[in-house]
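Participant: For reference, the file start_37.pdb (PDB, C-alpha atoms, pLDDT in the B column) is included below:
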```pdb
ATOM      1  CA  MET A   1    -161.859 235.336 141.139  1.00 97.00           C
ATOM      2  CA  ARG A   2    -158.691 233.296 141.552  1.00 98.00           C
ATOM      3  CA  ILE A   3    -157.999 229.922 139.932  1.00 98.00           C
ATOM      4  CA  PHE A   4    -156.605 227.002 141.931  1.00 98.00           C
ATOM      5  CA  LEU A   5    -155.737 223.614 140.468  1.00 98.00           C
ATOM      6  CA  ASP A   6    -157.341 220.600 142.130  1.00 97.00           C
ATOM      7  CA  THR A   7    -154.607 217.996 141.799  1.00 96.00           C
ATOM      8  CA  ALA A   8    -151.483 216.499 143.344  1.00 95.00           C
ATOM      9  CA  ASP A   9    -149.926 215.806 139.948  1.00 95.00           C
ATOM     10  CA  ILE A  10    -146.687 217.780 139.756  1.00 96.00           C
ATOM     11  CA  GLU A  11    -146.586 217.816 135.942  1.00 95.00           C
ATOM     12  CA  GLU A  12    -150.122 219.202 135.720  1.00 96.00           C
ATOM     13  CA  ILE A  13    -149.221 221.924 138.209  1.00 97.00           C
ATOM     14  CA  ARG A  14    -145.999 222.750 136.383  1.00 97.00           C
ATOM     15  CA  GLU A  15    -147.901 223.091 133.091  1.00 97.00           C
ATOM     16  CA  VAL A  16    -150.634 225.395 134.426  1.00 97.00           C
ATOM     17  CA  ALA A  17    -148.142 227.451 136.450  1.00 97.00           C
ATOM     18  CA  ARG A  18    -146.496 228.366 133.131  1.00 97.00           C
ATOM     19  CA  TRP A  19    -149.755 229.915 131.924  1.00 97.00           C
ATOM     20  CA  GLY A  20    -149.496 232.652 134.554  1.00 96.00           C
ATOM     21  CA  ILE A  21    -153.045 232.187 135.862  1.00 97.00           C
ATOM     22  CA  LEU A  22    -152.511 229.843 138.830  1.00 98.00           C
ATOM     23  CA  SER A  23    -152.946 231.198 142.359  1.00 98.00           C
ATOM     24  CA  GLY A  24    -153.001 228.025 144.466  1.00 98.00           C
ATOM     25  CA  VAL A  25    -153.527 224.270 144.663  1.00 98.00           C
ATOM     26  CA  THR A  26    -155.919 222.003 146.536  1.00 98.00           C
ATOM     27  CA  THR A  27    -155.142 218.380 147.323  1.00 96.00           C
ATOM     28  CA  ASN A  28    -157.021 215.625 149.127  1.00 92.00           C
ATOM     29  CA  PRO A  29    -156.379 211.981 150.106  1.00 91.00           C
ATOM     30  CA  THR A  30    -157.839 210.689 146.829  1.00 91.00           C
ATOM     31  CA  LEU A  31    -155.578 212.926 144.745  1.00 92.00           C
ATOM     32  CA  MET A  32    -152.585 212.002 146.894  1.00 91.00           C
ATOM     33  CA  SER A  33    -153.304 208.303 146.385  1.00 89.00           C
ATOM     34  CA  ARG A  34    -152.701 208.790 142.640  1.00 87.00           C
ATOM     35  CA  THR A  35    -149.122 209.958 143.178  1.00 84.00           C
ATOM     36  CA  SER A  36    -146.251 207.526 143.506  1.00 73.00           C
ATOM     37  CA  GLY A  37    -142.653 207.605 144.641  1.00 79.00           C
ATOM     38  CA  MET A  38    -143.059 210.637 146.922  1.00 88.00           C
ATOM     39  CA  SER A  39    -144.267 211.139 150.465  1.00 93.00           C
ATOM     40  CA  HIS A  40    -147.121 213.505 151.300  1.00 95.00           C
ATOM     41  CA  GLU A  41    -144.564 216.018 152.542  1.00 96.00           C
ATOM     42  CA  ASP A  42    -142.468 215.740 149.374  1.00 95.00           C
ATOM     43  CA  VAL A  43    -145.504 216.350 147.154  1.00 95.00           C
ATOM     44  CA  ILE A  44    -146.514 219.468 149.086  1.00 96.00           C
ATOM     45  CA  LYS A  45    -142.968 220.845 149.019  1.00 96.00           C
ATOM     46  CA  HIS A  46    -142.686 220.239 145.267  1.00 96.00           C
ATOM     47  CA  ILE A  47    -145.965 222.098 144.748  1.00 97.00           C
ATOM     48  CA  ALA A  48    -144.680 224.980 146.887  1.00 97.00           C
ATOM     49  CA  ASP A  49    -141.667 225.278 144.572  1.00 97.00           C
ATOM     50  CA  LEU A  50    -144.017 225.789 141.610  1.00 97.00           C
ATOM     51  CA  VAL A  51    -146.869 227.869 143.047  1.00 97.00           C
ATOM     52  CA  ASP A  52    -146.615 230.931 145.268  1.00 96.00           C
ATOM     53  CA  GLY A  53    -150.033 230.654 146.857  1.00 98.00           C
ATOM     54  CA  PRO A  54    -152.189 228.611 149.233  1.00 98.00           C
ATOM     55  CA  ILE A  55    -151.709 224.837 149.105  1.00 98.00           C
ATOM     56  CA  SER A  56    -154.401 222.816 150.839  1.00 98.00           C
ATOM     57  CA  ALA A  57    -153.295 219.632 152.622  1.00 97.00           C
ATOM     58  CA  GLU A  58    -156.109 217.523 154.061  1.00 97.00           C
ATOM     59  CA  THR A  59    -156.254 215.765 157.397  1.00 97.00           C
ATOM     60  CA  ILE A  60    -157.812 212.319 157.714  1.00 96.00           C
ATOM     61  CA  SER A  61    -158.639 212.326 161.442  1.00 97.00           C
ATOM     62  CA  LEU A  62    -162.265 212.702 162.464  1.00 97.00           C
ATOM     63  CA  ASP A  63    -161.593 214.123 165.937  1.00 98.00           C
ATOM     64  CA  ALA A  64    -160.330 217.623 166.664  1.00 98.00           C
ATOM     65  CA  ASP A  65    -157.169 216.534 168.469  1.00 98.00           C
ATOM     66  CA  GLY A  66    -156.196 214.271 165.568  1.00 98.00           C
ATOM     67  CA  MET A  67    -156.814 217.071 163.055  1.00 98.00           C
ATOM     68  CA  LEU A  68    -154.685 219.390 165.145  1.00 98.00           C
ATOM     69  CA  ASP A  69    -151.813 216.916 165.360  1.00 98.00           C
ATOM     70  CA  GLU A  70    -151.846 216.348 161.601  1.00 98.00           C
ATOM     71  CA  GLY A  71    -152.380 219.991 160.745  1.00 98.00           C
ATOM     72  CA  ARG A  72    -149.562 221.270 162.918  1.00 98.00           C
ATOM     73  CA  ARG A  73    -147.219 218.816 161.226  1.00 98.00           C
ATOM     74  CA  PHE A  74    -148.403 219.813 157.736  1.00 98.00           C
ATOM     75  CA  ALA A  75    -148.088 223.522 158.544  1.00 98.00           C
ATOM     76  CA  LYS A  76    -144.383 223.093 159.259  1.00 98.00           C
ATOM     77  CA  TRP A  77    -143.730 221.930 155.699  1.00 98.00           C
ATOM     78  CA  HIS A  78    -144.226 225.371 154.139  1.00 98.00           C
ATOM     79  CA  PRO A  79    -145.767 228.758 155.093  1.00 97.00           C
ATOM     80  CA  ASN A  80    -148.287 228.468 152.232  1.00 98.00           C
ATOM     81  CA  VAL A  81    -149.846 225.256 153.539  1.00 98.00           C
ATOM     82  CA  VAL A  82    -153.540 225.546 154.446  1.00 98.00           C
ATOM     83  CA  ILE A  83    -155.048 222.746 156.522  1.00 98.00           C
ATOM     84  CA  LYS A  84    -158.190 221.073 155.166  1.00 98.00           C
ATOM     85  CA  VAL A  85    -160.703 219.710 157.659  1.00 98.00           C
ATOM     86  CA  PRO A  86    -164.237 218.381 157.063  1.00 98.00           C
ATOM     87  CA  SER A  87    -167.495 220.259 157.663  1.00 98.00           C
ATOM     88  CA  ILE A  88    -168.319 218.564 160.976  1.00 98.00           C
ATOM     89  CA  PRO A  89    -168.385 219.874 164.572  1.00 98.00           C
ATOM     90  CA  ALA A  90    -164.946 218.419 165.292  1.00 98.00           C
ATOM     91  CA  GLY A  91    -163.687 220.239 162.205  1.00 98.00           C
ATOM     92  CA  TRP A  92    -165.028 223.574 163.411  1.00 98.00           C
ATOM     93  CA  GLU A  93    -163.453 222.951 166.820  1.00 98.00           C
ATOM     94  CA  ALA A  94    -160.119 222.308 165.115  1.00 98.00           C
ATOM     95  CA  VAL A  95    -160.560 225.451 163.001  1.00 98.00           C
ATOM     96  CA  SER A  96    -161.113 227.629 166.061  1.00 98.00           C
ATOM     97  CA  ARG A  97    -158.006 226.220 167.722  1.00 98.00           C
ATOM     98  CA  PHE A  98    -155.918 226.491 164.562  1.00 98.00           C
ATOM     99  CA  LYS A  99    -157.048 230.122 164.267  1.00 98.00           C
ATOM    100  CA  LYS A 100    -155.572 230.927 167.682  1.00 98.00           C
ATOM    101  CA  GLU A 101    -152.288 229.353 166.575  1.00 98.00           C
ATOM    102  CA  GLY A 102    -152.154 231.368 163.350  1.00 98.00           C
ATOM    103  CA  ILE A 103    -152.726 228.333 161.106  1.00 98.00           C
ATOM    104  CA  ARG A 104    -155.058 228.865 158.137  1.00 98.00           C
ATOM    105  CA  THR A 105    -157.778 226.344 157.354  1.00 98.00           C
ATOM    106  CA  ASN A 106    -159.922 225.211 154.439  1.00 98.00           C
ATOM    107  CA  VAL A 107    -163.208 223.644 155.554  1.00 98.00           C
ATOM    108  CA  THR A 108    -164.066 221.075 152.902  1.00 98.00           C
ATOM    109  CA  LEU A 109    -167.028 218.872 151.979  1.00 98.00           C
ATOM    110  CA  CYS A 110    -169.447 221.729 152.573  1.00 98.00           C
ATOM    111  CA  PHE A 111    -172.970 220.984 151.336  1.00 98.00           C
ATOM    112  CA  SER A 112    -175.130 223.520 153.188  1.00 98.00           C
ATOM    113  CA  ALA A 113    -175.190 227.207 154.057  1.00 98.00           C
ATOM    114  CA  ASN A 114    -175.420 226.300 157.735  1.00 98.00           C
ATOM    115  CA  GLN A 115    -172.123 224.435 157.507  1.00 98.00           C
ATOM    116  CA  ALA A 116    -170.573 227.431 155.775  1.00 98.00           C
ATOM    117  CA  LEU A 117    -171.862 229.812 158.438  1.00 98.00           C
ATOM    118  CA  PHE A 118    -170.482 227.679 161.259  1.00 98.00           C
ATOM    119  CA  ALA A 119    -167.105 227.355 159.540  1.00 98.00           C
ATOM    120  CA  ALA A 120    -166.838 231.138 159.182  1.00 98.00           C
ATOM    121  CA  LEU A 121    -167.843 231.686 162.804  1.00 98.00           C
ATOM    122  CA  ALA A 122    -165.125 229.243 163.859  1.00 98.00           C
ATOM    123  CA  GLY A 123    -162.541 231.225 161.900  1.00 98.00           C
ATOM    124  CA  ALA A 124    -162.048 229.350 158.629  1.00 98.00           C
ATOM    125  CA  TYR A 125    -159.803 230.975 156.031  1.00 98.00           C
ATOM    126  CA  ILE A 126    -161.595 229.159 153.173  1.00 98.00           C
ATOM    127  CA  ILE A 127    -164.929 227.353 152.816  1.00 98.00           C
ATOM    128  CA  SER A 128    -165.279 224.772 150.023  1.00 98.00           C
ATOM    129  CA  PRO A 129    -168.849 224.127 148.821  1.00 98.00           C
ATOM    130  CA  PHE A 130    -168.931 221.093 146.497  1.00 98.00           C
ATOM    131  CA  LEU A 131    -170.996 222.090 143.457  1.00 96.00           C
ATOM    132  CA  GLY A 132    -170.722 218.994 141.304  1.00 96.00           C
ATOM    133  CA  ARG A 133    -171.631 216.523 144.018  1.00 97.00           C
ATOM    134  CA  LEU A 134    -174.791 218.491 144.777  1.00 97.00           C
ATOM    135  CA  ASP A 135    -175.656 218.618 141.074  1.00 96.00           C
ATOM    136  CA  ASP A 136    -175.134 214.833 140.986  1.00 96.00           C
ATOM    137  CA  ILE A 137    -178.054 214.367 143.388  1.00 97.00           C
ATOM    138  CA  SER A 138    -180.282 216.897 141.575  1.00 97.00           C
ATOM    139  CA  GLU A 139    -179.619 219.793 143.963  1.00 97.00           C
ATOM    140  CA  ASP A 140    -178.463 223.221 142.808  1.00 97.00           C
ATOM    141  CA  GLY A 141    -174.794 223.426 143.732  1.00 97.00           C
ATOM    142  CA  MET A 142    -174.352 226.935 142.345  1.00 97.00           C
ATOM    143  CA  GLN A 143    -177.222 228.241 144.448  1.00 98.00           C
ATOM    144  CA  LEU A 144    -175.297 227.104 147.511  1.00 98.00           C
ATOM    145  CA  VAL A 145    -172.363 229.257 146.408  1.00 98.00           C
ATOM    146  CA  ARG A 146    -174.686 232.240 145.959  1.00 98.00           C
ATOM    147  CA  ASP A 147    -176.234 231.699 149.403  1.00 98.00           C
ATOM    148  CA  ILE A 148    -172.838 231.497 151.093  1.00 98.00           C
ATOM    149  CA  VAL A 149    -171.559 234.603 149.300  1.00 98.00           C
ATOM    150  CA  ASP A 150    -174.692 236.528 150.319  1.00 98.00           C
ATOM    151  CA  ILE A 151    -174.438 235.462 153.973  1.00 98.00           C
ATOM    152  CA  TYR A 152    -170.766 236.325 154.202  1.00 98.00           C
ATOM    153  CA  ARG A 153    -171.273 239.748 152.610  1.00 98.00           C
ATOM    154  CA  ILE A 154    -174.279 240.629 154.751  1.00 98.00           C
ATOM    155  CA  HIS A 155    -172.397 239.786 157.928  1.00 98.00           C
ATOM    156  CA  GLU A 156    -168.991 240.997 156.712  1.00 98.00           C
ATOM    157  CA  MET A 157    -167.331 237.619 157.224  1.00 98.00           C
ATOM    158  CA  GLU A 158    -163.790 237.327 155.899  1.00 97.00           C
ATOM    159  CA  THR A 159    -163.855 233.614 154.983  1.00 98.00           C
ATOM    160  CA  LEU A 160    -163.114 233.071 151.292  1.00 98.00           C
ATOM    161  CA  VAL A 161    -165.598 231.089 149.186  1.00 98.00           C
ATOM    162  CA  LEU A 162    -163.910 228.401 147.095  1.00 98.00           C
ATOM    163  CA  ALA A 163    -166.084 226.698 144.483  1.00 98.00           C
ATOM    164  CA  ALA A 164    -165.057 223.026 144.481  1.00 98.00           C
ATOM    165  CA  SER A 165    -166.131 219.863 142.674  1.00 97.00           C
ATOM    166  CA  ILE A 166    -166.036 221.737 139.376  1.00 97.00           C
ATOM    167  CA  ARG A 167    -167.367 219.439 136.653  1.00 96.00           C
ATOM    168  CA  HIS A 168    -167.163 221.512 133.451  1.00 97.00           C
ATOM    169  CA  PRO A 169    -165.957 224.884 132.114  1.00 97.00           C
ATOM    170  CA  LEU A 170    -169.348 226.546 132.564  1.00 97.00           C
ATOM    171  CA  HIS A 171    -169.060 225.955 136.308  1.00 97.00           C
ATOM    172  CA  ILE A 172    -166.028 228.268 136.355  1.00 98.00           C
ATOM    173  CA  ILE A 173    -167.939 231.173 134.819  1.00 98.00           C
ATOM    174  CA  GLU A 174    -171.031 230.529 136.930  1.00 98.00           C
ATOM    175  CA  ALA A 175    -168.908 230.512 140.088  1.00 98.00           C
ATOM    176  CA  ALA A 176    -167.300 233.803 139.099  1.00 98.00           C
ATOM    177  CA  LYS A 177    -170.729 235.371 138.459  1.00 98.00           C
ATOM    178  CA  ALA A 178    -171.981 234.012 141.794  1.00 98.00           C
ATOM    179  CA  GLY A 179    -169.221 235.898 143.586  1.00 98.00           C
ATOM    180  CA  ALA A 180    -166.920 233.033 144.551  1.00 98.00           C
ATOM    181  CA  ASP A 181    -163.439 234.200 145.526  1.00 98.00           C
ATOM    182  CA  ILE A 182    -161.773 231.075 144.136  1.00 98.00           C
ATOM    183  CA  ALA A 183    -162.557 228.146 141.858  1.00 98.00           C
ATOM    184  CA  THR A 184    -160.458 225.012 142.235  1.00 98.00           C
ATOM    185  CA  VAL A 185    -160.484 223.143 138.962  1.00 98.00           C
ATOM    186  CA  PRO A 186    -159.286 219.706 137.795  1.00 97.00           C
ATOM    187  CA  TYR A 187    -156.647 219.879 135.075  1.00 97.00           C
ATOM    188  CA  LYS A 188    -158.845 218.346 132.350  1.00 97.00           C
ATOM    189  CA  VAL A 189    -161.642 220.837 133.010  1.00 97.00           C
ATOM    190  CA  LEU A 190    -159.238 223.777 133.075  1.00 97.00           C
ATOM    191  CA  GLU A 191    -157.625 222.595 129.851  1.00 96.00           C
ATOM    192  CA  ALA A 192    -161.059 222.320 128.203  1.00 96.00           C
ATOM    193  CA  ALA A 193    -161.892 225.841 129.359  1.00 96.00           C
ATOM    194  CA  THR A 194    -158.917 227.243 127.459  1.00 95.00           C
ATOM    195  CA  LYS A 195    -160.233 226.084 124.088  1.00 92.00           C
ATOM    196  CA  HIS A 196    -162.746 227.400 121.575  1.00 92.00           C
ATOM    197  CA  PRO A 197    -163.216 226.129 118.008  1.00 90.00           C
ATOM    198  CA  LEU A 198    -163.378 229.656 116.611  1.00 94.00           C
ATOM    199  CA  THR A 199    -159.990 230.448 118.135  1.00 92.00           C
ATOM    200  CA  ASP A 200    -158.501 227.382 116.450  1.00 88.00           C
ATOM    201  CA  LYS A 201    -160.226 228.255 113.172  1.00 90.00           C
ATOM    202  CA  GLY A 202    -158.990 231.835 113.357  1.00 93.00           C
ATOM    203  CA  ILE A 203    -155.389 230.793 114.005  1.00 89.00           C
ATOM    204  CA  ASP A 204    -155.509 228.322 111.113  1.00 87.00           C
ATOM    205  CA  SER A 205    -156.924 230.979 108.788  1.00 87.00           C
ATOM    206  CA  PHE A 206    -154.329 233.579 109.784  1.00 87.00           C
ATOM    207  CA  LEU A 207    -151.463 231.132 109.289  1.00 87.00           C
ATOM    208  CA  LYS A 208    -152.698 230.122 105.840  1.00 87.00           C
ATOM    209  CA  ASP A 209    -153.074 233.765 104.836  1.00 83.00           C
ATOM    210  CA  TRP A 210    -149.582 234.524 106.127  1.00 85.00           C
ATOM    211  CA  GLU A 211    -148.133 231.644 104.105  1.00 85.00           C
ATOM    212  CA  LYS A 212    -149.801 233.046 100.974  1.00 84.00           C
ATOM    213  CA  PHE A 213    -148.403 236.483 101.747  1.00 79.00           C
ATOM    214  CA  GLN A 214    -144.888 235.117 102.289  1.00 81.00           C
ATOM    215  CA  GLY A 215    -145.145 233.185  99.025  1.00 81.00           C
ATOM    216  CA  SER A 216    -146.122 236.338  97.134  1.00 80.00           C
ATOM    217  CA  GLN A 217    -143.097 238.151  98.541  1.00 78.00           C
ATOM    218  CA  ARG A 218    -140.778 235.469  97.170  1.00 72.00           C
ATOM    219  CA  GLN A 219    -142.113 235.785  93.576  1.00 66.00           C
ATOM    220  CA  PRO A 220    -139.539 237.408  91.265  1.00 64.00           C
ATOM    221  CA  ALA A 221    -140.511 240.756  89.903  1.00 58.00           C
ATOM    222  CA  ALA A 222    -141.630 240.747  86.253  1.00 56.00           C
ATOM    223  CA  VAL A 223    -139.042 242.087  83.778  1.00 54.00           C
ATOM    224  CA  ALA A 224    -140.354 244.796  81.505  1.00 54.00           C
ATOM    225  CA  GLY A 225    -140.067 243.939  77.787  1.00 49.00           C
TER
END
```
What is this file in structure tokens?
Facilitator:
Amino acid sequence: MRIFLDTADIEEIREVARWGILSGVTTNPTLMSRTSGMSHEDVIKHIADLVDGPISAETISLDADGMLDEGRRFAKWHPNVVIKVPSIPAGWEAVSRFKKEGIRTNVTLCFSANQALFAALAGAYIISPFLGRLDDISEDGMQLVRDIVDIYRIHEMETLVLAASIRHPLHIIEAAKAGADIATVPYKVLEAATKHPLTDKGIDSFLKDWEKFQGSQRQPAAVAG
């Protein structure tokens, strides 16, 4: 399973890119609204300089023609740009037309297996089921990922399953076990997933032992009487 970062914050992306684990980035209008001083195009191009992988840029139109106009413009910014459209009939129409033009798409705000099936049939490159938002309303978000993975495998569909709306580190592992191809993770959740108290305790113990060892090496040898 690949890890994407769900952010438009350039510093967060730069930090995680240094770890050597980052395969792509997803953005959306909400994340873009938190940036300042740069245009949408500038943000995407800065991300492309840091990450050699898919970068999702989301349309805001609710009709297929509007999505196509926006998406074609976004796709010119960089070859790695993937166009995000919502899980609605107009979105699937846009996906099918983008597919013919060689433009990859990420169908977002997916909350049912039917939506995922229709997106794949239309030619989506990525489907994004939102786990956390389903959990928020007492539905099983991870079961949706499992259902989509099963359907795609049974019918040999090539659409990639991207686990989105990741709320906590356990979601990452659960998504991997469910067969998701990608998990897109907010920076704070990814940062939390890197830590374990026993790792910190072990490092502290090793360093203290090393200091003791170094101190013993500096002791002068006893002179025989």
Participant: Translate the PyMOL selection byres ((chain A and resi 76-80) around 8), as applied to the file shown, into an explicit residue set as a list in words.
Facilitator: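 On this input, the PyMOL selection byres ((chain A and resi 76-80) around 8) captures Glu41, Ile44, Lys45, Ala48, Asp52, Gly53, Pro54, Ile55, Arg72, Arg73, Phe74, Ala75, Val81 and Val82 of chain A.
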Participant: Pull out every residue that the PyMOL selection byres ((chain A and resi 146) around 12) matches in the shown coordinates and put them as a PDB file with C-alpha atoms, keeping the file's coordinate frame.
Facilitator:
```pdb
ATOM      1  CA  SER A 112    -175.130 223.520 153.188  1.00 98.00           C
ATOM      2  CA  ALA A 113    -175.190 227.207 154.057  1.00 98.00           C
ATOM      3  CA  ALA A 116    -170.573 227.431 155.775  1.00 98.00           C
ATOM      4  CA  PRO A 129    -168.849 224.127 148.821  1.00 98.00           C
ATOM      5  CA  LEU A 131    -170.996 222.090 143.457  1.00 96.00           C
ATOM      6  CA  ASP A 140    -178.463 223.221 142.808  1.00 97.00           C
ATOM      7  CA  GLY A 141    -174.794 223.426 143.732  1.00 97.00           C
ATOM      8  CA  MET A 142    -174.352 226.935 142.345  1.00 97.00           C
ATOM      9  CA  GLN A 143    -177.222 228.241 144.448  1.00 98.00           C
ATOM     10  CA  LEU A 144    -175.297 227.104 147.511  1.00 98.00           C
ATOM     11  CA  VAL A 145    -172.363 229.257 146.408  1.00 98.00           C
ATOM     12  CA  ASP A 147    -176.234 231.699 149.403  1.00 98.00           C
ATOM     13  CA  ILE A 148    -172.838 231.497 151.093  1.00 98.00           C
ATOM     14  CA  VAL A 149    -171.559 234.603 149.300  1.00 98.00           C
ATOM     15  CA  ASP A 150    -174.692 236.528 150.319  1.00 98.00           C
ATOM     16  CA  ILE A 151    -174.438 235.462 153.973  1.00 98.00           C
ATOM     17  CA  TYR A 152    -170.766 236.325 154.202  1.00 98.00           C
ATOM     18  CA  ARG A 153    -171.273 239.748 152.610  1.00 98.00           C
ATOM     19  CA  VAL A 161    -165.598 231.089 149.186  1.00 98.00           C
ATOM     20  CA  LEU A 162    -163.910 228.401 147.095  1.00 98.00           C
ATOM     21  CA  ALA A 163    -166.084 226.698 144.483  1.00 98.00           C
ATOM     22  CA  GLU A 174    -171.031 230.529 136.930  1.00 98.00           C
ATOM     23  CA  ALA A 175    -168.908 230.512 140.088  1.00 98.00           C
ATOM     24  CA  ALA A 176    -167.300 233.803 139.099  1.00 98.00           C
ATOM     25  CA  LYS A 177    -170.729 235.371 138.459  1.00 98.00           C
ATOM     26  CA  ALA A 178    -171.981 234.012 141.794  1.00 98.00           C
ATOM     27  CA  GLY A 179    -169.221 235.898 143.586  1.00 98.00           C
ATOM     28  CA  ALA A 180    -166.920 233.033 144.551  1.00 98.00           C
ATOM     29  CA  ASP A 181    -163.439 234.200 145.526  1.00 98.00           C
TER      30      ASP A 181
END
```
Participant: Write out as a list in words which residues come within 10 Å of Leu62 in chain A when counting all atoms listed in the file, dropping same-chain ones fewer than 3 positions away.
Facilitator: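 Near Leu62 in chain A, the qualifying residues are Thr59, Asp65, Gly66, Met67, Val85, Pro86, Ile88, Pro89, Ala90 and Gly91 of chain A.
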Participant: Can you list what the PyMOL selection byres ((chain A and resi 102) around 12) grabs from this structure, as number ranges by chain?
Facilitator: A: 71-72, 75, 79, 81-83, 95-101, 103-105, 123-125
Participant: Counting all atoms listed in the file, figure out which residue out of A:Ser205, A:Ser56, A:Asn106, A:Ser23 gets nearest to Ala120 in chain A.
Facilitator: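 Closest residue, counting all atoms listed in the file: A:Asn106.
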Participant: Let me make sure I understand: among A:Leu31, A:Leu121, A:Ala192, A:Ile60, which one has the smallest atom-to-atom distance to Val43 in chain A if we use all atoms listed in the file?
Facilitator: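 Between A:Leu31, A:Leu121, A:Ala192, A:Ile60, the residue approaching Val43 in chain A most closely is A:Leu31.
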Participant: Counting all atoms listed in the file, figure out which residue out of A:Ala94, A:Ser87, A:Ala122, A:Tyr187 gets nearest to Ala8 in chain A.
Facilitator: A:Tyr187
Participant: I'd like the interatomic distance between CA of Asp42 in chain A and CA of Thr30 in chain A, to a tenth of an Å.
Facilitator: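 Pair CA of Asp42 in chain A / CA of Thr30 in chain A returns 16.4 Å.
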Participant: Have a look at CA of Asp135 in chain A and CA of His171 in chain A and let me know their distance in Å, one decimal.
Facilitator: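 Calculated distance between CA of Asp135 in chain A and CA of His171 in chain A is 11.0 Å.
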Participant: Would you please work out which residue, of A:Asp6, A:Asp204, A:His40, A:Glu93, is nearest to Ala64 in chain A when using all atoms listed in the file?
Facilitator: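 Looking only at the distances to Ala64 in chain A, the closest residue turns out to be A:Glu93.
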Participant: Could you check how far CA of Ile21 in chain A sits from CA of Ile3 in chain A, in Å to one decimal?
Facilitator: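 So the answer is 6.8 Å.
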Participant: Between A:Ile126, A:Ala164, A:Leu198, A:Met157, which residue has the minimum interatomic distance to Thr7 in chain A, considering all atoms listed in the file?
Facilitator: A:Ala164
Participant: Residues proximal to (-167.9, 222.3, 150.0) were defined as those with any atom within 6 Å of that point in the file's coordinates, counting all atoms listed in the file. Which are they, as a list in words?
Facilitator: Thr108, Leu109, Cys110, Phe111, Ser128, Pro129 and Phe130 of chain A
Participant: Provide an axis-aligned box for all listed atoms of range 189-198 of chain A, padding each side by 6 Å; report its centre and its edge lengths in Å to one decimal, as lines of an AutoDock Vina configuration file.
Facilitator:
```
center_x = -160.5
center_y = 225.2
center_z = 124.8
size_x = 17.8
size_y = 20.8
size_z = 28.5
```
Participant: So which one's closest to Leu22 in chain A, A:Phe213, A:Trp92, A:Phe206, A:Phe4? Using all atoms listed in the file, please.
Facilitator: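 Of all the options, A:Phe4 lies closest to Leu22 in chain A.
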Participant: Export range 129-167 of chain A from the structure block above, keeping C-alpha atoms, as a CSV table (one decimal), in the first residue's frame.
Facilitator:
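Result saved to part.csv:
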```csv
chain,number,residue,atom,x,y,z
A,129,PRO,CA,-14.0,6.1,0.0
A,130,PHE,CA,-14.2,8.3,3.1
A,131,LEU,CA,-13.8,6.1,6.1
A,132,GLY,CA,-13.8,8.7,8.9
A,133,ARG,CA,-17.0,10.4,7.8
A,134,LEU,CA,-18.8,7.1,7.7
A,135,ASP,CA,-17.5,6.2,11.1
A,136,ASP,CA,-18.8,9.6,12.3
A,137,ILE,CA,-22.3,8.6,11.6
A,138,SER,CA,-21.9,5.1,13.1
A,139,GLU,CA,-21.4,3.3,9.8
A,140,ASP,CA,-18.4,1.0,9.2
A,141,GLY,CA,-16.1,2.9,6.9
A,142,MET,CA,-13.5,0.1,6.7
A,143,GLN,CA,-16.2,-2.3,5.6
A,144,LEU,CA,-16.8,-0.1,2.6
A,145,VAL,CA,-13.1,-0.3,1.6
A,146,ARG,CA,-13.3,-4.1,1.9
A,147,ASP,CA,-16.4,-4.3,-0.3
A,148,ILE,CA,-14.9,-2.1,-2.9
A,149,VAL,CA,-11.6,-4.1,-3.0
A,150,ASP,CA,-13.6,-7.3,-3.3
A,151,ILE,CA,-15.8,-6.0,-6.2
A,152,TYR,CA,-12.8,-4.7,-8.1
A,153,ARG,CA,-10.9,-7.9,-7.7
A,154,ILE,CA,-13.8,-10.1,-8.7
A,155,HIS,CA,-14.4,-8.1,-11.8
A,156,GLU,CA,-10.7,-7.3,-12.5
A,157,MET,CA,-11.2,-3.6,-12.4
A,158,GLU,CA,-8.1,-1.5,-12.6
A,159,THR,CA,-9.3,1.5,-10.5
A,160,LEU,CA,-7.1,2.0,-7.4
A,161,VAL,CA,-8.7,2.1,-4.0
A,162,LEU,CA,-7.6,5.1,-1.9
A,163,ALA,CA,-8.6,5.1,1.7
A,164,ALA,CA,-9.5,8.7,2.6
A,165,SER,CA,-10.8,10.6,5.7
A,166,ILE,CA,-8.2,8.8,7.8
A,167,ARG,CA,-8.8,9.8,11.4
```
